[in-house]
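Asker: Next comes the structure file final25.csv, holding CSV, C-alpha atoms.
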```
chain,number,residue,atom,x,y,z
M,1,MET,CA,0.0,0.0,0.0
M,2,ILE,CA,1.2,3.5,-0.9
M,3,VAL,CA,-0.5,6.2,1.1
M,4,VAL,CA,-0.8,9.7,-0.3
M,5,ALA,CA,-1.3,12.4,2.4
M,6,GLY,CA,-2.4,15.9,1.5
M,7,GLU,CA,-5.1,18.1,0.2
M,8,ALA,CA,-8.0,17.4,-2.3
M,9,LEU,CA,-9.6,20.5,-3.9
M,10,ILE,CA,-11.5,21.8,-6.8
M,11,ASP,CA,-9.6,23.5,-9.7
M,12,LEU,CA,-11.6,26.2,-11.5
M,13,VAL,CA,-10.2,26.1,-15.0
M,14,PRO,CA,-10.9,28.9,-17.5
M,15,GLN,CA,-12.6,27.8,-20.7
M,16,GLY,CA,-11.6,30.8,-22.7
M,17,THR,CA,-9.5,34.0,-22.4
M,18,GLY,CA,-9.9,37.0,-20.3
M,19,ALA,CA,-10.6,37.6,-16.6
M,20,LEU,CA,-14.3,36.8,-17.0
M,21,ALA,CA,-13.9,33.5,-18.9
M,22,ALA,CA,-16.2,30.7,-17.8
M,23,LEU,CA,-14.7,28.5,-15.2
M,24,GLN,CA,-15.0,24.7,-15.3
M,25,PRO,CA,-14.7,22.9,-12.0
M,26,ALA,CA,-12.2,20.0,-12.1
M,27,LEU,CA,-11.1,17.6,-9.3
M,28,GLY,CA,-7.6,18.3,-8.2
M,29,GLY,CA,-4.9,19.0,-5.6
M,30,GLY,CA,-1.3,17.7,-5.9
M,31,PRO,CA,-1.6,14.8,-3.5
M,32,TYR,CA,-5.1,14.0,-4.8
M,33,ASN,CA,-3.8,13.8,-8.4
M,34,THR,CA,-0.9,11.6,-7.2
M,35,ALA,CA,-3.3,9.2,-5.5
M,36,VAL,CA,-5.5,9.0,-8.6
M,37,ALA,CA,-2.5,8.4,-10.8
M,38,LEU,CA,-1.2,5.6,-8.6
M,39,GLY,CA,-4.6,3.9,-8.7
M,40,ARG,CA,-4.7,4.2,-12.5
M,41,LEU,CA,-1.2,2.7,-12.8
M,42,GLY,CA,-2.3,-0.3,-10.7
M,43,SER,CA,-0.5,0.4,-7.4
M,44,PRO,CA,-2.5,-0.4,-4.2
M,45,ALA,CA,-3.0,3.1,-2.9
M,46,ALA,CA,-4.8,4.9,-0.1
M,47,PHE,CA,-5.6,8.6,0.4
M,48,CYS,CA,-5.1,10.3,3.8
M,49,SER,CA,-6.7,13.7,4.1
M,50,ARG,CA,-9.7,15.6,5.4
M,51,VAL,CA,-12.4,16.2,2.8
M,52,SER,CA,-15.6,18.2,2.9
M,53,SER,CA,-19.0,16.6,3.1
M,54,ASP,CA,-20.3,19.0,0.5
M,55,ALA,CA,-21.0,18.0,-3.1
M,56,PHE,CA,-17.5,18.7,-4.2
M,57,GLY,CA,-16.1,16.5,-1.5
M,58,GLU,CA,-18.4,13.6,-2.5
M,59,ALA,CA,-17.2,14.0,-6.1
M,60,LEU,CA,-13.6,14.0,-5.0
M,61,LEU,CA,-14.1,10.7,-3.1
M,62,ASP,CA,-16.1,9.1,-6.0
M,63,ARG,CA,-13.2,9.6,-8.4
M,64,LEU,CA,-10.7,8.1,-5.9
M,65,ARG,CA,-12.9,5.0,-5.5
M,66,ALA,CA,-13.3,4.8,-9.3
M,67,SER,CA,-9.5,4.8,-9.6
M,68,GLY,CA,-9.2,2.0,-7.1
M,69,VAL,CA,-7.9,4.1,-4.3
M,70,VAL,CA,-8.8,3.2,-0.7
M,71,VAL,CA,-10.5,6.2,1.0
M,72,SER,CA,-11.1,4.8,4.6
M,73,PRO,CA,-8.3,7.0,6.0
M,74,VAL,CA,-10.1,10.2,4.8
M,75,GLN,CA,-11.5,12.4,7.5
M,76,ARG,CA,-14.7,14.4,6.8
M,77,GLY,CA,-15.9,17.8,7.8
M,78,THR,CA,-18.8,20.2,7.1
M,79,GLU,CA,-16.5,23.0,6.1
M,80,PRO,CA,-16.4,23.9,2.4
M,81,THR,CA,-13.9,22.4,-0.2
M,82,THR,CA,-10.8,24.4,-1.0
M,83,LEU,CA,-11.0,26.2,-4.4
M,84,ALA,CA,-8.0,26.9,-6.7
M,85,VAL,CA,-8.6,29.2,-9.7
M,86,ALA,CA,-6.2,28.2,-12.5
M,87,THR,CA,-4.7,30.5,-15.2
M,88,VAL,CA,-3.3,28.6,-18.1
M,89,GLY,CA,-0.6,30.3,-20.1
M,90,ALA,CA,0.0,30.2,-23.9
M,91,ASP,CA,2.6,27.3,-23.3
M,92,GLY,CA,0.1,25.3,-21.3
M,93,SER,CA,1.7,26.1,-17.9
M,94,ALA,CA,-0.7,26.7,-15.1
M,95,ALA,CA,-0.7,29.2,-12.2
M,96,TYR,CA,-3.2,29.3,-9.3
M,97,SER,CA,-4.9,31.6,-6.8
M,98,PHE,CA,-6.5,29.9,-3.8
M,99,TYR,CA,-9.6,30.2,-1.7
M,100,VAL,CA,-8.6,28.4,1.5
M,101,ASP,CA,-10.0,30.2,4.6
M,102,GLY,CA,-12.2,28.0,6.7
M,103,THR,CA,-12.0,25.0,4.4
M,104,ALA,CA,-12.2,21.3,5.4
M,105,ASP,CA,-8.7,20.1,4.5
M,106,ARG,CA,-7.0,22.7,6.8
M,107,LEU,CA,-8.3,20.9,9.9
M,108,PHE,CA,-6.6,17.5,9.1
M,109,GLU,CA,-5.5,15.7,12.2
M,110,ALA,CA,-2.7,13.1,12.2
M,111,PRO,CA,-4.2,9.6,12.5
M,112,PRO,CA,-3.0,7.3,15.2
M,113,ALA,CA,-1.6,4.8,12.7
M,114,LEU,CA,-1.1,4.3,9.0
M,115,PRO,CA,-3.1,1.6,7.1
M,116,SER,CA,-1.9,-1.9,7.5
M,117,GLY,CA,0.7,-2.8,4.9
M,118,THR,CA,1.8,0.7,4.2
M,119,ARG,CA,5.1,0.7,2.3
M,120,ALA,CA,5.4,4.3,1.4
M,121,VAL,CA,3.8,7.7,2.2
M,122,SER,CA,3.8,10.7,-0.1
M,123,PHE,CA,3.5,14.3,1.0
M,124,GLY,CA,3.4,17.7,-0.6
M,125,THR,CA,1.9,21.0,-1.8
M,126,CYS,CA,-0.6,23.2,0.1
M,127,SER,CA,-1.1,20.7,2.9
M,128,LEU,CA,2.4,21.4,4.2
M,129,VAL,CA,1.7,25.1,4.3
M,130,LEU,CA,-1.7,25.8,5.7
M,131,GLU,CA,-2.1,25.5,9.4
M,132,PRO,CA,-3.2,23.8,11.6
M,133,GLY,CA,-3.2,20.9,9.2
M,134,ALA,CA,0.4,21.5,8.0
M,135,SER,CA,1.8,20.6,11.5
M,136,ALA,CA,-0.4,17.4,11.5
M,137,TYR,CA,1.0,16.3,8.1
M,138,GLU,CA,4.5,17.1,9.3
M,139,GLU,CA,4.0,15.0,12.4
M,140,LEU,CA,2.8,12.1,10.3
M,141,MET,CA,5.8,12.4,8.0
M,142,ARG,CA,8.3,12.4,10.9
M,143,ARG,CA,6.5,9.5,12.6
M,144,ALA,CA,6.4,7.4,9.4
M,145,SER,CA,10.1,8.0,8.8
M,146,ALA,CA,10.9,7.0,12.4
M,147,GLN,CA,9.0,3.8,11.8
M,148,GLY,CA,11.1,2.9,8.8
M,149,VAL,CA,8.4,3.7,6.2
M,150,PHE,CA,9.6,5.1,2.8
M,151,THR,CA,8.7,8.8,2.6
M,152,SER,CA,8.4,10.9,-0.6
M,153,LEU,CA,8.1,14.7,-0.7
M,154,ASP,CA,7.1,17.1,-3.5
M,155,PRO,CA,7.0,20.6,-2.0
M,156,ASN,CA,5.2,21.9,-5.2
M,157,ILE,CA,5.7,25.5,-4.1
M,158,ARG,CA,2.6,27.8,-4.2
M,159,ALA,CA,4.3,31.0,-3.3
M,160,GLY,CA,1.1,33.0,-2.9
M,161,LEU,CA,0.1,30.8,0.1
M,162,ILE,CA,3.5,31.2,1.9
M,163,PRO,CA,3.5,34.4,4.1
M,164,ASP,CA,7.1,34.0,5.3
M,165,ALA,CA,9.3,32.5,2.6
M,166,ASP,CA,12.4,32.3,4.8
M,167,ALA,CA,10.5,30.5,7.5
M,168,TYR,CA,9.1,28.0,5.0
M,169,ARG,CA,12.6,27.4,3.6
M,170,ALA,CA,13.9,26.6,7.1
M,171,ARG,CA,11.0,24.3,7.7
M,172,PHE,CA,11.6,22.5,4.4
M,173,LYS,CA,15.2,21.9,5.5
M,174,SER,CA,13.9,20.5,8.8
M,175,TRP,CA,11.9,17.9,6.9
M,176,LEU,CA,14.8,16.5,4.9
M,177,PRO,CA,16.1,14.0,7.5
M,178,SER,CA,12.6,12.4,7.4
M,179,VAL,CA,12.5,12.2,3.5
M,180,SER,CA,13.6,9.2,1.5
M,181,LEU,CA,12.9,10.6,-2.0
M,182,LEU,CA,12.7,14.3,-2.8
M,183,LYS,CA,11.0,15.3,-6.1
M,184,LEU,CA,10.7,18.9,-7.2
M,185,SER,CA,10.6,21.1,-10.2
M,186,ALA,CA,13.5,23.2,-11.4
M,187,GLU,CA,11.4,26.3,-10.5
M,188,ASP,CA,10.8,25.0,-7.0
M,189,ALA,CA,14.5,24.3,-6.6
M,190,GLU,CA,15.3,27.8,-7.6
M,191,TRP,CA,12.7,29.3,-5.2
M,192,LEU,CA,14.0,27.1,-2.3
M,193,GLY,CA,17.5,28.3,-3.0
M,194,GLY,CA,19.4,25.0,-2.6
M,195,THR,CA,21.0,22.3,-4.7
M,196,PRO,CA,20.4,18.5,-4.9
M,197,ARG,CA,23.7,17.8,-3.4
M,198,GLU,CA,23.0,20.0,-0.4
M,199,TRP,CA,19.7,18.3,0.1
M,200,LEU,CA,21.1,14.8,-0.2
M,201,THR,CA,23.5,15.5,2.7
M,202,ALA,CA,20.5,16.3,4.9
M,203,GLY,CA,18.8,12.9,4.5
M,204,PRO,CA,17.1,11.9,1.2
M,205,ALA,CA,18.6,8.9,-0.6
M,206,ALA,CA,17.7,10.5,-4.0
M,207,VAL,CA,16.5,13.8,-5.4
M,208,VAL,CA,14.6,14.0,-8.7
M,209,ILE,CA,14.4,17.4,-10.5
M,210,THR,CA,11.8,17.8,-13.3
M,211,ARG,CA,12.4,20.3,-16.1
M,212,GLY,CA,9.2,20.2,-18.0
M,213,GLY,CA,9.7,19.3,-21.6
M,214,ASP,CA,13.4,19.1,-21.0
M,215,GLY,CA,13.1,15.9,-18.9
M,216,LEU,CA,14.1,14.7,-15.5
M,217,THR,CA,17.4,14.2,-13.6
M,218,ALA,CA,18.0,12.0,-10.5
M,219,PHE,CA,20.8,12.7,-8.1
M,220,THR,CA,21.7,9.9,-5.6
M,221,ALA,CA,23.5,9.9,-2.3
M,222,ASP,CA,26.4,7.9,-3.7
M,223,GLY,CA,27.2,10.7,-6.2
M,224,GLY,CA,25.2,9.3,-9.1
M,225,GLU,CA,23.5,11.6,-11.7
M,226,TYR,CA,21.0,10.2,-14.2
M,227,ALA,CA,19.0,12.1,-16.8
M,228,VAL,CA,16.4,11.4,-19.5
M,229,PRO,CA,14.9,13.8,-22.0
M,230,GLY,CA,11.2,14.8,-22.0
M,231,GLU,CA,8.8,13.0,-24.2
M,232,ARG,CA,7.7,15.2,-27.1
M,233,VAL,CA,4.0,15.8,-27.2
M,234,GLU,CA,1.5,18.5,-28.1
M,235,VAL,CA,0.8,20.2,-24.8
M,236,VAL,CA,-2.8,21.0,-23.9
M,237,ASP,CA,-1.9,22.0,-20.3
M,238,THR,CA,0.6,20.9,-17.6
M,239,ILE,CA,-2.0,20.5,-14.8
M,240,GLY,CA,-1.2,17.3,-12.9
M,241,ALA,CA,2.1,16.6,-14.8
M,242,GLY,CA,4.3,16.8,-11.7
M,243,ASP,CA,1.8,14.8,-9.7
M,244,THR,CA,1.9,12.1,-12.4
M,245,VAL,CA,5.7,12.0,-12.1
M,246,ASN,CA,5.3,11.5,-8.4
M,247,ALA,CA,3.0,8.5,-8.9
M,248,ALA,CA,5.1,7.0,-11.7
M,249,LEU,CA,8.2,7.2,-9.6
M,250,LEU,CA,6.6,5.5,-6.6
M,251,HIS,CA,4.8,2.9,-8.7
M,252,GLY,CA,8.0,2.1,-10.6
M,253,LEU,CA,10.0,1.8,-7.3
M,254,ALA,CA,7.2,-0.5,-5.8
M,255,VAL,CA,7.3,-2.7,-8.9
M,256,ARG,CA,11.1,-3.0,-8.4
M,257,ASP,CA,10.7,-3.7,-4.7
M,258,ALA,CA,12.9,-0.6,-4.3
M,259,LEU,CA,11.0,1.4,-1.6
M,260,SER,CA,14.0,1.8,0.7
M,261,ALA,CA,17.2,3.9,0.8
M,262,ARG,CA,19.3,0.8,0.2
M,263,ALA,CA,17.3,-0.3,-2.8
M,264,LEU,CA,17.5,3.2,-4.3
M,265,ALA,CA,21.3,3.0,-4.0
M,266,GLU,CA,21.3,-0.3,-5.9
M,267,LEU,CA,19.1,0.8,-8.9
M,268,GLY,CA,22.2,1.8,-10.8
M,269,PRO,CA,22.3,3.7,-14.2
M,270,GLY,CA,20.0,1.2,-16.0
M,271,GLY,CA,17.4,1.2,-13.3
M,272,TRP,CA,17.3,4.9,-12.9
M,273,THR,CA,17.2,5.6,-16.7
M,274,GLU,CA,14.3,3.1,-17.1
M,275,LEU,CA,12.4,4.6,-14.1
M,276,LEU,CA,12.8,8.2,-15.2
M,277,GLY,CA,11.8,7.3,-18.7
M,278,PHE,CA,8.6,5.7,-17.5
M,279,ALA,CA,7.8,8.9,-15.4
M,280,ALA,CA,8.5,11.1,-18.5
M,281,ARG,CA,6.2,9.1,-20.6
M,282,ALA,CA,3.4,9.2,-18.0
M,283,ALA,CA,3.7,13.0,-17.6
M,284,ALA,CA,3.6,13.5,-21.3
M,285,ILE,CA,0.3,11.7,-21.6
M,286,THR,CA,-1.1,13.9,-18.8
M,287,CYS,CA,0.1,17.0,-20.7
M,288,SER,CA,-1.6,15.9,-23.9
M,289,ARG,CA,-5.1,16.2,-22.4
M,290,ALA,CA,-6.9,18.9,-20.5
M,291,GLY,CA,-6.8,19.0,-16.7
M,292,ALA,CA,-5.2,16.4,-14.4
M,293,GLU,CA,-6.0,13.2,-16.4
M,294,PRO,CA,-3.1,10.8,-15.6
M,295,PRO,CA,-2.7,7.7,-17.7
M,296,TYR,CA,-3.8,4.2,-17.0
M,297,ALA,CA,-1.3,1.3,-17.0
M,298,HIS,CA,-2.3,0.1,-20.4
M,299,GLU,CA,-1.5,3.4,-22.0
M,300,LEU,CA,2.2,3.0,-21.0
M,301,GLU,CA,2.7,-0.5,-22.2
M,302,SER,CA,5.4,-0.6,-24.9
```
Translate this structure into structure tokens?

Answerer:
Amino acid sequence: MIVVAGEALIDLVPQGTGALAALQPALGGGPYNTAVALGRLGSPAAFCSRVSSDAFGEALLDRLRASGVVVSPVQRGTEPTTLAVATVGADGSAAYSFYVDGTADRLFEAPPALPSGTRAVSFGTCSLVLEPGASAYEELMRRASAQGVFTSLDPNIRAGLIPDADAYRARFKSWLPSVSLLKLSAEDAEWLGGTPREWLTAGPAAVVITRGGDGLTAFTADGGEYAVPGERVEVVDTIGAGDTVNAALLHGLAVRDALSARALAELGPGGWTELLGFAARAAAITCSRAGAEPPYAHELES
């Protein structure tokens, strides 16, 4: 079981140009998209979050179930669902503004235990920023790591939600001893102001940097560096592409029985190149269609 811990929300995606373009609601949130992608790839997965009991919340859970994701760890609340208003650029890149005050996911509480059979837990995005839930997710991350569970982190920076950038950067560094695999975009790496080698010395066994259409690079604690190019595709938008990479990496590691620091070190050039190539192909499929629509396993069969 791979558990994904973090927010589920509604993306409001413009259906035209201009400030008053019609907005189409879409199911989203970085951790949510990662859970859906894991389910579609065929990995046993569970979602750990707090979701509203409103109609949006029901729709979010319905899609998880349809993707084969276990939802029993999800907490419920009467508060509204978080909204993210997307702006899609000419190149398909997406930016967001958020409506988060008083929403259900912010009140997440760390559960007493992870689901039986948990092999890995994935964290990231808004859930590690918005209190009081952020401290609860942080507690869960540290506890899982202390219990020997493989942990994955994608900070997926949303700068507009971070009131004190320096405080967040310091908090990010404090997480690294509890992180097995750190995945982040080149833009996030620049915003955080560090380097893969610096982060590796703090704890992670591997760091994966995504560069959009230019591909992915993995850096490992033993000094390895492995890169693959991006898959060429006509981009509709990039919503959910990074989340698909998260899922593809975790799924690929699970298939290889490599969800441990020692196993990551033993992947070697061939294993890393194959794994990164799989993630690049999965992300390209997501980019080729509107919204966060990660691929199913059969779409990646060669």

Asker: Pick from M:Leu276, M:Leu264, M:Ala86, M:Leu9: nearest to M:Ala22, with all atoms listed in the file counted?

Answerer: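 Of M:Leu276, M:Leu264, M:Ala86, M:Leu9, the one nearest M:Ala22, counting all atoms listed in the file, is M:Ala86.
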
Asker: For M:Asp166, work out the shell of residues within 12 Å, counting all atoms listed in the file and skipping chain neighbours fewer than 5 positions away, then give it as an NGL selection string.

Answerer: :M and (159 or 171-173 or 191-193)

Asker: Tell me which of M:Gly124, M:Gly230, M:Gly223, M:Pro177 sits closest to M:Arg197, counting all atoms listed in the file.

Answerer: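 Closest to M:Arg197, using all atoms listed in the file: M:Gly223.
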
Asker: Could you give me, as an NGL selection string, the residues within 12 Å of M:Gly77, counting all atoms listed in the file and dropping anything in the same chain fewer than 4 positions from it?

Answerer: :M and (49-54 or 57-58 or 81 or 102-109)

Asker: Given the choices M:Tyr99, M:Trp175, M:Phe123, M:Trp199, which gets closest to M:Leu161 if the distance is worked out from only C-alpha atoms?

Answerer: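 Looking only at the distances to M:Leu161, the closest residue turns out to be M:Tyr99.
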
Asker: Interatomic distance between atom CA of M:Ser152 and atom CA of M:Pro204?

Answerer: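 Separating atom CA of M:Ser152 from atom CA of M:Pro204 is a distance of 8.9 Å.
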
Asker: Which residues come within 7 Å of stretch 215-218 of chain M, counting all atoms listed in the file, excluding same-chain residues fewer than 3 positions away, as a list in words?

Answerer: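 Here the qualifying residues turn out to be Ala206, Val207, Val208, Ile209, Thr210, Arg211, Gly212, Glu225, Tyr226, Ala227, Val228, Pro229, Gly230, Leu276 and Ala280 of chain M.
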
Asker: Tell me which protein, DNA and RNA residues are within 8 Å of stretch 293-300 of chain M, counting all atoms listed in the file, leaving out same-chain ones fewer than 3 positions away, and put them as a PyMOL selection string.

Answerer: chain M and resi 33+36-37+40-42+240-241+244+278+281-283+285-286+289-290

Asker: In Å, rounded to a single decimal, give me how far atom CA of M:Val233 is from atom CA of M:Leu253.

Answerer: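 Interatomic distance, atom CA of M:Leu253 to atom CA of M:Val233: 25.1 Å.
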
Asker: Tell me, in Å to one decimal, how far atom CA of M:Ala205 is from atom CA of M:Leu181.

Answerer: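 Atom CA of M:Leu181 lies at a distance of 6.1 Å from atom CA of M:Ala205.
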
Asker: With only C-alpha atoms as the atoms that count, which of M:Thr273, M:Ser43, M:Thr34, M:Ser135 lies nearest to M:Asn246?

Answerer: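 Result for the nearest residue to M:Asn246: M:Thr34.
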